[in-house]
Amino acid sequence: MVRNDVLNVALDAGENPYLMGGYAPVDTEIDAANLEVVGEIPADLNGLYVRNGPNPRFATEGRYHWFDGDGMLHAIHLRDGAATYRNRWIRTDGFAADGAAGRALWRGVAEDRSANPDDGSRLRLKDTANTDVVFHNGSLVALWYLAGAPYRVDPLTLETVGADDWQGTRQSCVSAHAKVDQRTGEFLFFDYGPVPPYMSYGVVSADGVLKHFVPIDLPGARMPHDMAITERYSILMDLPLVVDPESAKHGRHALLFMRDTPTRFAVIPRYGSATDVRWFEADPCYIYHTVNAFEDGDEIVMDVCRFRPPGPAPVPLTGPLASILNYLRLDAFLYRYRFDLRTGTMREEPRDERNTEFPTIPVDLLGTRSRYAYNVSINNDFTMYFDGLVKYDLETGASERYGFGAGRYGSEAPFAPRQGATSEDDGYLVSFVYDAAVGRSELVILDAQDLAAGPIGRVLLPTRVPNGFHACWVPEEQLATAARG
Ligand SMILES: [Fe+2]
């Protein structure tokens with residue numbers, strides 16, 4: 001963690017906290033087996049934990065923004081009580097072009113992008129595929145927050161297969177947070193961008209062919225991030241965080257929050273047309289991530305992490321990176337919406353006050369009623385660190401927190417069901433944890449029914465996993481299918 005008293009000195013010297021400490025990129029790709037285990041890897045925990053995140057290969061010209069870095073996947077495969085780790089950059093078109101040039105060809109989101117090369121990103125920013133990773137149709141799919149190509153990656157080798165054109169049917173980009181419905185195998189997604197209709201929505205079949213695609217008309221260019229699904233509907237967002245037209249004229253990608261403009265939610269039947277969309281207005285807010293949504297009679301219930309403006313930084317920040325650092329501080333709290341499809345009315349209410357985000361649930365319950373959510377708790381100093389996990393019981397409102405310990409910071413922690421599980425929370429939470437004292441990372445395995453007991457097992461890694469974004473758990477049975485396929 002960068003200390004308060006040295007931060008402004010570092011900033012004035014041009015050093016970037018998002019390239020230091022737990023954020024510093026790693027410069028090697030490794031495979032590591034026979035890893036040291038403290039405690040044990042449960043015999044009924046078999047599968048792959050994989051996490052995406054930015055890891056710049058070359059120094060960029062101008063100010064580096066944490067979201068700019070080339071996507072790198074870090075995966076740990078647990079099988080029969082043993083663990084192997086590997087990390088690989090995602091071989092995007094931009095990554096290959098940088099490699100051929102031997103330097104970073106793109107400037108990042110905080111700089112003038114007008115002279116950047118064109119790799120198909122409508123914003124003339126490098127599509128890094130660095131944001132989310134999901135498992136669909138036998139492989140990993142890496143996705144980018146500004147909407148890019150869905151990059152397929154082999155789950156066992158982490159080799160990039162390439163941008164998927166869905167057997168010639170793809171006609172748009174894909175935002176970071178697509179949803180895989182485990183019941184049908186479908187991949188539901190939205191795209192958004194700088195030109196009308198500003199958003200579109202689609203469904204890809206279990207075997208990877210686009211089978212539904214419709215425009216979603218928004219009043220202007222927006223910055224949506226996530227969506228939600230139920231068994232019959234998808235929920236999309238028109239959030240009043242807009243692309244600032246003035247900065248766009250100067251080649252920059254600045255955002256503007258319109259605090260008097262309502263947030264709107266589009267509820268569309270899974271295979272609905274544009275005219276089937278039902279809009280629900282709510283209090284103005286921004287939302288990064290949804291927890292889950294489900295149908296409850298005539299209502300759709302959707303839980304989210306609702307953003308609130310972070311308080312002032314511990315001391316005022318100076319230097320050219322101050323605005324980036326302020327923008328990247330994250331404060332959000334658990335919040336519930338209920339959309340009544342019969343009356344067209346909407347209710348909303350906070351469910352907790354604490355700053356938690358990056359929620360996970362058992363992926364096989366996505367779109368159906370689920371009881372538990374597992375969020376990271378956020379330590380907002382100057383840079384964002386995940387200092388613990390909170391398990392929420394969404395039915396009773398109860399919660400339980402586990403702290404990673406002093407100087408230890410985690411990643412998004414997916415729920416990994418125990419093989420033979422008999423209840424929703426019968427399983428484990430897995431997270432990379434960076435230990436600042438030793439400068440290395442480990443995998444921490446927690447019992448989802450007893451976070452307070454601390455780790456069942458810790459798998460010590462020979463390297464550091466830089467702080468990053470989203471992760472997923474792929475059960476061994478699905479990996480086996482991928483290997484055969
Ligand atoms: Fe995200």
# chains A, B, ... in the order shown; residues from 1 in each chain; ligands from 1

$ closest_atom_pairs --of "chain A" --to "ligand 1" --cutoff "9 Å" --atoms "only C-alpha atoms and all ligand atoms" --output "tab-separated table"
residue	atom	partner	partner_atom_place_in_ligand_line	distance
A:Thr131	CA	ligand 1	1 (Fe)	6.4
A:Asp132	CA	ligand 1	1 (Fe)	6.6
A:Trp144	CA	ligand 1	1 (Fe)	9.0
A:Tyr145	CA	ligand 1	1 (Fe)	6.9
A:Ala176	CA	ligand 1	1 (Fe)	6.5
A:His177	CA	ligand 1	1 (Fe)	6.5
A:His225	CA	ligand 1	1 (Fe)	6.4
A:Asp226	CA	ligand 1	1 (Fe)	6.9
A:Tyr288	CA	ligand 1	1 (Fe)	6.2
A:His289	CA	ligand 1	1 (Fe)	6.2
A:Phe358	CA	ligand 1	1 (Fe)	7.3
A:Phe469	CA	ligand 1	1 (Fe)	6.7
A:His470	CA	ligand 1	1 (Fe)	6.5

$ write_last_selection --atoms "C-alpha atoms" --output "short mmCIF file (atom, residue, chain, number, x, y, z; two decimals), in the first residue's frame"
data_model
loop_
_atom_site.label_atom_id
_atom_site.label_comp_id
_atom_site.auth_asym_id
_atom_site.auth_seq_id
_atom_site.Cartn_x
_atom_site.Cartn_y
_atom_site.Cartn_z
CA THR A 131 -12.06 -7.05 -17.64
CA ASP A 132 -14.17 -10.18 -17.19
CA TRP A 144 -13.51 -5.77 -22.24
CA TYR A 145 -15.36 -3.02 -20.36
CA ALA A 176 -17.51 -6.79 -20.21
CA HIS A 177 -20.42 -8.39 -18.42
CA HIS A 225 -21.22 -1.71 -17.25
CA ASP A 226 -23.36 -4.71 -16.30
CA TYR A 288 -21.07 -1.14 -11.75
CA HIS A 289 -22.21 -4.64 -10.87
CA PHE A 358 -17.46 -7.43 -7.04
CA PHE A 469 -10.85 -7.33 -12.00
CA HIS A 470 -13.16 -10.31 -12.47
#

$ residues_around --residues "segment 336-352 of chain A" --least-positions-apart "4" --cutoff "7 Å" --atoms "only C-alpha atoms" --output "number ranges by chain"
A: 280, 298-304

$ write_last_selection --atoms "N, CA and C atoms" --output "compact mmCIF listing (two decimals), in the first residue's frame"
# COMPACT_ATOMS: atom_id res chain seq x y z
N PHE A 280 -38.26 1.29 -16.62
CA PHE A 280 -38.56 1.65 -15.23
C PHE A 280 -37.60 2.75 -14.80
N ASP A 298 -45.32 -11.35 -10.15
CA ASP A 298 -45.34 -10.34 -11.21
C ASP A 298 -44.12 -9.45 -11.19
N GLU A 299 -43.27 -9.64 -10.19
CA GLU A 299 -42.13 -8.73 -10.03
C GLU A 299 -40.82 -9.38 -10.46
N ILE A 300 -39.90 -8.50 -10.84
CA ILE A 300 -38.51 -8.91 -11.02
C ILE A 300 -37.72 -8.26 -9.90
N VAL A 301 -36.97 -9.06 -9.17
CA VAL A 301 -36.11 -8.57 -8.09
C VAL A 301 -34.69 -8.52 -8.63
N MET A 302 -34.04 -7.37 -8.42
CA MET A 302 -32.64 -7.26 -8.87
C MET A 302 -31.80 -6.65 -7.77
N ASP A 303 -30.77 -7.37 -7.36
CA ASP A 303 -29.83 -6.85 -6.37
C ASP A 303 -28.58 -6.34 -7.08
N VAL A 304 -28.10 -5.20 -6.62
CA VAL A 304 -26.93 -4.58 -7.25
C VAL A 304 -26.02 -4.01 -6.17

$ closest_atom_pairs --of "segment 279-343 of chain A" --to "segment 258-273 of chain A" --cutoff "7 Å" --atoms "only C-alpha atoms" --output "JSON lines"
{"residue": "A:Trp279", "atom": "CA", "partner": "A:Ala266", "partner_atom": "CA", "distance": 4.7}
{"residue": "A:Phe280", "atom": "CA", "partner": "A:Phe265", "partner_atom": "CA", "distance": 5.1}
{"residue": "A:Glu281", "atom": "CA", "partner": "A:Arg264", "partner_atom": "CA", "distance": 4.5}
{"residue": "A:Ala282", "atom": "CA", "partner": "A:Thr263", "partner_atom": "CA", "distance": 5.1}
{"residue": "A:Asp283", "atom": "CA", "partner": "A:Pro262", "partner_atom": "CA", "distance": 5.4}
{"residue": "A:Pro284", "atom": "CA", "partner": "A:Pro262", "partner_atom": "CA", "distance": 4.4}
{"residue": "A:Cys285", "atom": "CA", "partner": "A:Thr263", "partner_atom": "CA", "distance": 6.1}

$ atom_distance --atom1 "atom CA of Leu461 of chain A" --atom2 "atom CA of Ile378 of chain A"
23.5 Å

$ residues_around --residues "Gly403 of chain A" --least-positions-apart "2" --cutoff "7 Å" --atoms "only C-alpha atoms" --output "list in words"
Asp387, Gly388, Leu389, Arg401 and Gly405 of chain A

$ write_last_selection --atoms "C-alpha atoms" --output "tab-separated table (two decimals), in the first residue's frame"
chain	number	residue	atom	x	y	z
A	387	ASP	CA	-9.35	-6.16	2.34
A	388	GLY	CA	-11.94	-8.88	3.03
A	389	LEU	CA	-15.06	-10.74	1.98
A	401	ARG	CA	-17.27	-10.70	7.19
A	405	GLY	CA	-5.46	-9.63	7.52

$ closest_residue --among "A:Val26, A:Val195, A:Leu188, A:Ala75" --to "His212 of chain A" --atoms "only C-alpha atoms"
A:Leu188

$ select_by_dssp --residues "segment 391-458 of chain A" --states "strand (DSSP E)" --output "PDB file with C-alpha atoms, in the first residue's frame"
ATOM      1  CA  LYS A 391     -21.223 -13.045   2.818  1.00  0.00           C
ATOM      2  CA  TYR A 392     -24.747 -11.652   2.607  1.00  0.00           C
ATOM      3  CA  ASP A 393     -27.915 -13.584   3.369  1.00  0.00           C
ATOM      4  CA  SER A 399     -24.027 -10.898   6.948  1.00  0.00           C
ATOM      5  CA  GLU A 400     -20.648 -12.237   7.938  1.00  0.00           C
ATOM      6  CA  ARG A 401     -17.266 -10.697   7.191  1.00  0.00           C
ATOM      7  CA  TYR A 402     -13.847 -12.245   6.816  1.00  0.00           C
ATOM      8  CA  GLY A 403     -10.799  -9.969   6.755  1.00  0.00           C
ATOM      9  CA  ARG A 408      -3.174  -8.790   2.669  1.00  0.00           C
ATOM     10  CA  TYR A 409      -5.487  -8.008  -0.247  1.00  0.00           C
ATOM     11  CA  GLY A 410      -7.799 -10.245  -2.244  1.00  0.00           C
ATOM     12  CA  PHE A 415     -18.252 -19.458  -5.113  1.00  0.00           C
ATOM     13  CA  ALA A 416     -17.045 -22.970  -5.941  1.00  0.00           C
ATOM     14  CA  PRO A 417     -19.653 -25.604  -5.079  1.00  0.00           C
ATOM     15  CA  GLY A 427     -18.935 -25.054  -1.021  1.00  0.00           C
ATOM     16  CA  TYR A 428     -15.943 -22.759  -1.003  1.00  0.00           C
ATOM     17  CA  LEU A 429     -14.821 -19.257  -1.805  1.00  0.00           C
ATOM     18  CA  VAL A 430     -11.533 -18.980  -3.655  1.00  0.00           C
ATOM     19  CA  SER A 431      -9.464 -15.821  -3.980  1.00  0.00           C
ATOM     20  CA  PHE A 432      -5.945 -14.773  -4.833  1.00  0.00           C
ATOM     21  CA  VAL A 433      -4.508 -12.873  -1.876  1.00  0.00           C
ATOM     22  CA  TYR A 434      -1.497 -10.611  -2.224  1.00  0.00           C
ATOM     23  CA  ASP A 435       0.672 -10.429   0.865  1.00  0.00           C
ATOM     24  CA  ARG A 440       3.919 -12.720  -3.178  1.00  0.00           C
ATOM     25  CA  SER A 441       0.418 -14.021  -3.702  1.00  0.00           C
ATOM     26  CA  GLU A 442      -1.406 -17.149  -2.672  1.00  0.00           C
ATOM     27  CA  LEU A 443      -4.728 -18.809  -3.284  1.00  0.00           C
ATOM     28  CA  VAL A 444      -6.970 -18.763  -0.219  1.00  0.00           C
ATOM     29  CA  ILE A 445      -9.744 -21.373   0.112  1.00  0.00           C
ATOM     30  CA  LEU A 446     -12.541 -20.583   2.569  1.00  0.00           C
ATOM     31  CA  ASP A 447     -15.536 -22.627   3.701  1.00  0.00           C
ATOM     32  CA  GLY A 457      -6.117 -24.183   2.602  1.00  0.00           C
ATOM     33  CA  ARG A 458      -3.583 -21.680   1.272  1.00  0.00           C
TER      34      ARG A 458
END

$ select_by_dssp --residues "segment 253-354 of chain A" --states "alpha helix (DSSP H)" --output "list in words"
Ala322, Ser323, Ile324, Leu325, Asn326, Tyr327 and Leu328 of chain A

$ closest_residue --among "A:Thr128, A:Thr275, A:Thr356, A:Thr463" --to "Trp89 of chain A" --atoms "only C-alpha atoms"
A:Thr128

$ atom_distance --atom1 "atom CA of Pro194 of chain A" --atom2 "atom CA of Asn116 of chain A"
16.9 Å

$ residues_around --residues "Ser175 of chain A" --least-positions-apart "3" --cutoff "12 Å" --atoms "only C-alpha atoms" --output "VMD selection string"
chain A and resid 121 127 129 to 133 141 to 151 172 178 to 179 188 to 193 199 to 202 223 to 227 236

$ atom_distance --atom1 "atom CA of Asp381 of chain A" --atom2 "atom CA of Pro320 of chain A"
18.3 Å

$ closest_residue --among "A:Leu365, A:Met72, A:Leu255, A:Leu460" --to "Leu35 of chain A" --atoms "only C-alpha atoms"
A:Leu460

$ closest_residue --among "A:Val242, A:Ser234, A:Gly319, A:Leu158" --to "Arg278 of chain A" --atoms "only C-alpha atoms"
A:Ser234

$ closest_residue --among "A:Asn46, A:Asn137, A:Thr184, A:Asn55" --to "Gly22 of chain A" --atoms "only C-alpha atoms"
A:Asn55
